[in-house]
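Here the structure comes first, spelled out in structure tokens, and everything after it is commentary.
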Amino acid sequence: KLKHLDLSKNAFTGDMPTVLGQLKELRYLFLAFNEKLNPGPIPAEYATLPNLVDLSLQTTKRNGEIPYQFESLSELVLLDLNDNELEGAIPTQLGGLASLKFLLLKNNKLTGSIPSTFKNLQLDTLLLDFNDITAGTENVCAPHLPKLTSFIADCDDDLQGCSCCTKCCKADDLNCNDIVWYSDVDP
């Protein structure tokens with residue numbers, strides 16, 4: 001029956017717990033800022049939490065790809081994967097998350113473009129800076145889409161023409177987006 005679990009800012013060691021995927025009533029799962037965890041992928045079991053609203057794994061040494069299975073998290077409002085070692089493309093399936101408002105992916109090793117499926121989203125905040133995203137701003141910047149309150153990306157060489165970016169970072173400006181972002185939808 002557990003609905004809210006916040007274990008952020010601890011000194012946990014070992015692997016990220018997969019057993020949390022058994023907490024089917026869980027709505028808020030925060031494991032952020034546990035920098036002593038072993039590097040590893042995001043547990044696929046987290047994609048089986050049907051009621052999840054917020055998932056924060058910021059600064060937890062996650063690597064590999066963002067699980068496309070997150071498409072089943074239909075209630076998800078916030079996905080915070082900032083400051084990890086995630087690589088590959090942003091899954092197109094995330095564009096099917098109608099409730100998603102906050103997508104925080106800064107400081108990873110993501111490549112490719114912003115998926116065209118993002119035209120379906122009503123994002124408020126999108127952080128993509130310090131990745132290698134090279135195209136696709138039209139999928140979040142089109143005039144018929146709501147204006148993002150915060151859209152930060154690398155706009156100097158790779159991502160050209162970011163008409164709706166609220167801030168453009170340069171590769172050599174490590175202080176461009178040095179804010180530690182926290183969810184404001186946490187109850």
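Chain identifiers are assigned as A, B, and so on, following the order in which chains appear in the structure tokens; residues are numbered from 1 within each chain, and ligands are numbered from 1 in order of appearance.
Within stretch 83-172 of chain A, the backbone-based DSSP assignment of strand (DSSP E or B) covers A:Glu85, A:Leu86, A:Glu87, A:Gly88, A:Ala89, A:Phe102, A:Leu103, A:Leu104, A:Lys109, A:Leu110, A:Thr111, A:Gly112, A:Ser113, A:Thr125, A:Leu126, A:Leu127, A:Asp132, A:Ile133, A:Thr134, A:Ala135, A:Ser150, A:Phe151, A:Ile152, A:Ala153, A:Asp154, A:Lys167, A:Cys168, A:Cys169.
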**Report entry** Contacts of A:Leu20 at 8 Å (only C-alpha atoms; same-chain gap of 2+ positions) as number ranges by chain
**Finding:** A: 17-18, 22-23, 45-46
Requested in this report: Would you kindly return, as JSON, numbers by chain, each protein, DNA or RNA residue with an atom no farther than 12 Å from any atom of A:Lys24, considering only C-alpha atoms and excluding same-chain residues fewer than 4 positions away?
Outcome: {"A": [1, 2, 3, 4, 19, 20, 28, 29, 45, 46, 47, 48, 49, 50, 51, 52, 73]}
How would the residues just picked look written out with all heavy atoms as a short mmCIF file (atom, residue, chain, number, x, y, z; two decimals), in the first residue's frame?
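So the final result, stored in part.cif, reads:
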data_model
loop_
_atom_site.label_atom_id
_atom_site.label_comp_id
_atom_site.auth_asym_id
_atom_site.auth_seq_id
_atom_site.Cartn_x
_atom_site.Cartn_y
_atom_site.Cartn_z
N LYS A 1 0.81 -1.22 0.00
CA LYS A 1 0.00 0.00 0.00
C LYS A 1 0.84 1.27 0.00
O LYS A 1 0.30 2.36 -0.03
CB LYS A 1 -0.93 0.02 1.22
CG LYS A 1 -1.85 -1.16 1.30
CD LYS A 1 -3.04 -0.97 0.41
CE LYS A 1 -3.98 -2.14 0.63
NZ LYS A 1 -4.91 -2.33 -0.41
N LEU A 2 2.17 1.15 0.06
CA LEU A 2 3.05 2.32 0.11
C LEU A 2 2.86 3.18 -1.14
O LEU A 2 2.87 2.67 -2.26
CB LEU A 2 4.51 1.88 0.23
CG LEU A 2 5.53 2.99 0.46
CD1 LEU A 2 5.31 3.64 1.83
CD2 LEU A 2 6.94 2.43 0.37
N LYS A 3 2.69 4.48 -0.95
CA LYS A 3 2.46 5.39 -2.07
C LYS A 3 3.61 6.37 -2.31
O LYS A 3 3.78 6.85 -3.41
CB LYS A 3 1.17 6.17 -1.83
CG LYS A 3 -0.07 5.30 -1.89
CD LYS A 3 -1.31 6.15 -1.82
CE LYS A 3 -2.61 5.45 -1.80
NZ LYS A 3 -2.88 4.18 -2.12
N HIS A 4 4.38 6.68 -1.27
CA HIS A 4 5.43 7.70 -1.40
C HIS A 4 6.69 7.17 -0.73
O HIS A 4 6.69 6.88 0.46
CB HIS A 4 4.96 8.98 -0.72
CG HIS A 4 5.89 10.14 -0.91
ND1 HIS A 4 5.47 11.43 -0.88
CD2 HIS A 4 7.22 10.22 -1.14
CE1 HIS A 4 6.49 12.25 -1.07
NE2 HIS A 4 7.56 11.52 -1.22
N VAL A 19 13.53 -4.66 -6.29
CA VAL A 19 12.36 -5.09 -5.52
C VAL A 19 11.32 -3.98 -5.42
O VAL A 19 10.14 -4.26 -5.19
CB VAL A 19 12.80 -5.60 -4.13
CG1 VAL A 19 13.29 -4.48 -3.24
CG2 VAL A 19 11.69 -6.39 -3.46
N LEU A 20 11.72 -2.73 -5.61
CA LEU A 20 10.76 -1.62 -5.54
C LEU A 20 9.69 -1.74 -6.63
O LEU A 20 8.62 -1.16 -6.50
CB LEU A 20 11.49 -0.28 -5.65
CG LEU A 20 12.49 0.02 -4.52
CD1 LEU A 20 13.18 1.35 -4.78
CD2 LEU A 20 11.84 -0.02 -3.16
N TYR A 28 5.12 8.00 -5.90
CA TYR A 28 6.29 8.89 -5.86
C TYR A 28 7.50 8.06 -5.44
O TYR A 28 7.52 7.52 -4.34
CB TYR A 28 6.06 10.04 -4.88
CG TYR A 28 4.83 10.84 -5.22
CD1 TYR A 28 3.60 10.53 -4.66
CD2 TYR A 28 4.89 11.90 -6.13
CE1 TYR A 28 2.46 11.23 -4.99
CE2 TYR A 28 3.76 12.61 -6.46
CZ TYR A 28 2.54 12.28 -5.89
OH TYR A 28 1.41 12.97 -6.22
N LEU A 29 8.50 8.00 -6.32
CA LEU A 29 9.72 7.25 -6.02
C LEU A 29 10.91 8.16 -6.27
O LEU A 29 11.17 8.57 -7.41
CB LEU A 29 9.82 5.99 -6.89
CG LEU A 29 11.10 5.16 -6.73
CD1 LEU A 29 11.31 4.73 -5.28
CD2 LEU A 29 11.06 3.95 -7.66
N GLU A 45 12.05 -3.08 -13.80
CA GLU A 45 10.92 -3.27 -12.89
C GLU A 45 10.21 -1.95 -12.58
O GLU A 45 9.03 -1.95 -12.25
CB GLU A 45 11.39 -3.91 -11.58
CG GLU A 45 11.85 -5.35 -11.72
CD GLU A 45 13.29 -5.51 -12.22
OE1 GLU A 45 13.96 -4.49 -12.54
OE2 GLU A 45 13.73 -6.66 -12.33
N TYR A 46 10.90 -0.83 -12.69
CA TYR A 46 10.28 0.47 -12.40
C TYR A 46 9.21 0.82 -13.44
O TYR A 46 8.33 1.62 -13.17
CB TYR A 46 11.32 1.57 -12.31
CG TYR A 46 12.30 1.42 -11.15
CD1 TYR A 46 12.23 0.34 -10.27
CD2 TYR A 46 13.29 2.34 -10.94
CE1 TYR A 46 13.12 0.19 -9.22
CE2 TYR A 46 14.20 2.21 -9.88
CZ TYR A 46 14.10 1.13 -9.03
OH TYR A 46 15.00 0.99 -8.00
N ALA A 47 9.31 0.22 -14.61
CA ALA A 47 8.32 0.46 -15.66
C ALA A 47 7.02 -0.30 -15.41
O ALA A 47 6.06 -0.15 -16.15
CB ALA A 47 8.89 0.07 -17.02
N THR A 48 6.99 -1.11 -14.34
CA THR A 48 5.78 -1.88 -14.03
C THR A 48 4.98 -1.26 -12.89
O THR A 48 4.11 -1.92 -12.33
CB THR A 48 6.14 -3.34 -13.66
OG1 THR A 48 6.89 -3.34 -12.44
CG2 THR A 48 6.94 -4.01 -14.77
N LEU A 49 5.29 -0.02 -12.55
CA LEU A 49 4.59 0.68 -11.46
C LEU A 49 3.47 1.53 -12.08
O LEU A 49 3.69 2.68 -12.46
CB LEU A 49 5.58 1.54 -10.67
CG LEU A 49 6.68 0.75 -9.96
CD1 LEU A 49 7.77 1.69 -9.44
CD2 LEU A 49 6.09 -0.08 -8.84
N PRO A 50 2.26 0.99 -12.20
CA PRO A 50 1.20 1.63 -12.99
C PRO A 50 0.71 2.97 -12.46
O PRO A 50 0.14 3.75 -13.22
CB PRO A 50 0.07 0.59 -12.95
CG PRO A 50 0.29 -0.15 -11.68
CD PRO A 50 1.79 -0.21 -11.51
N ASN A 51 0.94 3.27 -11.19
CA ASN A 51 0.43 4.51 -10.60
C ASN A 51 1.51 5.57 -10.43
O ASN A 51 1.24 6.62 -9.85
CB ASN A 51 -0.20 4.21 -9.23
CG ASN A 51 -1.38 3.27 -9.37
OD1 ASN A 51 -2.30 3.54 -10.13
ND2 ASN A 51 -1.34 2.15 -8.66
N LEU A 52 2.71 5.31 -10.92
CA LEU A 52 3.83 6.21 -10.68
C LEU A 52 3.58 7.59 -11.31
O LEU A 52 3.27 7.69 -12.49
CB LEU A 52 5.11 5.59 -11.24
CG LEU A 52 6.42 6.07 -10.64
CD1 LEU A 52 6.47 5.79 -9.14
CD2 LEU A 52 7.59 5.39 -11.32
N LEU A 73 3.95 3.88 -18.18
CA LEU A 73 3.74 4.73 -16.99
C LEU A 73 2.82 5.90 -17.35
O LEU A 73 3.21 7.05 -17.38
CB LEU A 73 5.09 5.23 -16.46
CG LEU A 73 6.08 4.14 -16.06
CD1 LEU A 73 7.41 4.74 -15.64
CD2 LEU A 73 5.51 3.26 -14.95
#
Report task. Can you list, as a ChimeraX atom specification, all residues belonging to chain A that DSSP tags as helix (DSSP H, G or I)? Result -> /A:19-22,44-48,68-72,92-96,116-120,138-141
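Nearest residue to A:Val77, choosing from A:Asp129, A:Glu65, A:Asp54, A:Glu35 and counting only C-alpha atoms: A:Asp54.
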Report task. Pick out the residues sitting within 12 Å of A:Ala89, and hand them over as a PyMOL selection string; count only C-alpha atoms, and ignore anything fewer than 3 positions along from it in its own chain. Result -> chain A and resi 64-68+86+92-94+105+108-115+128+131-136
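Atom pair atom CA of A:Gly40 / atom CA of A:Met16: separated by 7.8 Å.
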Query - Close residues, A:Arg62 itself excluded, 12 Å, only C-alpha atoms, min 3 positions apart in chain, as a VMD selection string - result: chain A and resid 15 to 16 31 to 43 56 to 59 65 to 67 80 to 87 105 107 to 109
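Here atom CA of A:Cys155 is placed at a distance of 29.4 Å from atom CA of A:Gln69.
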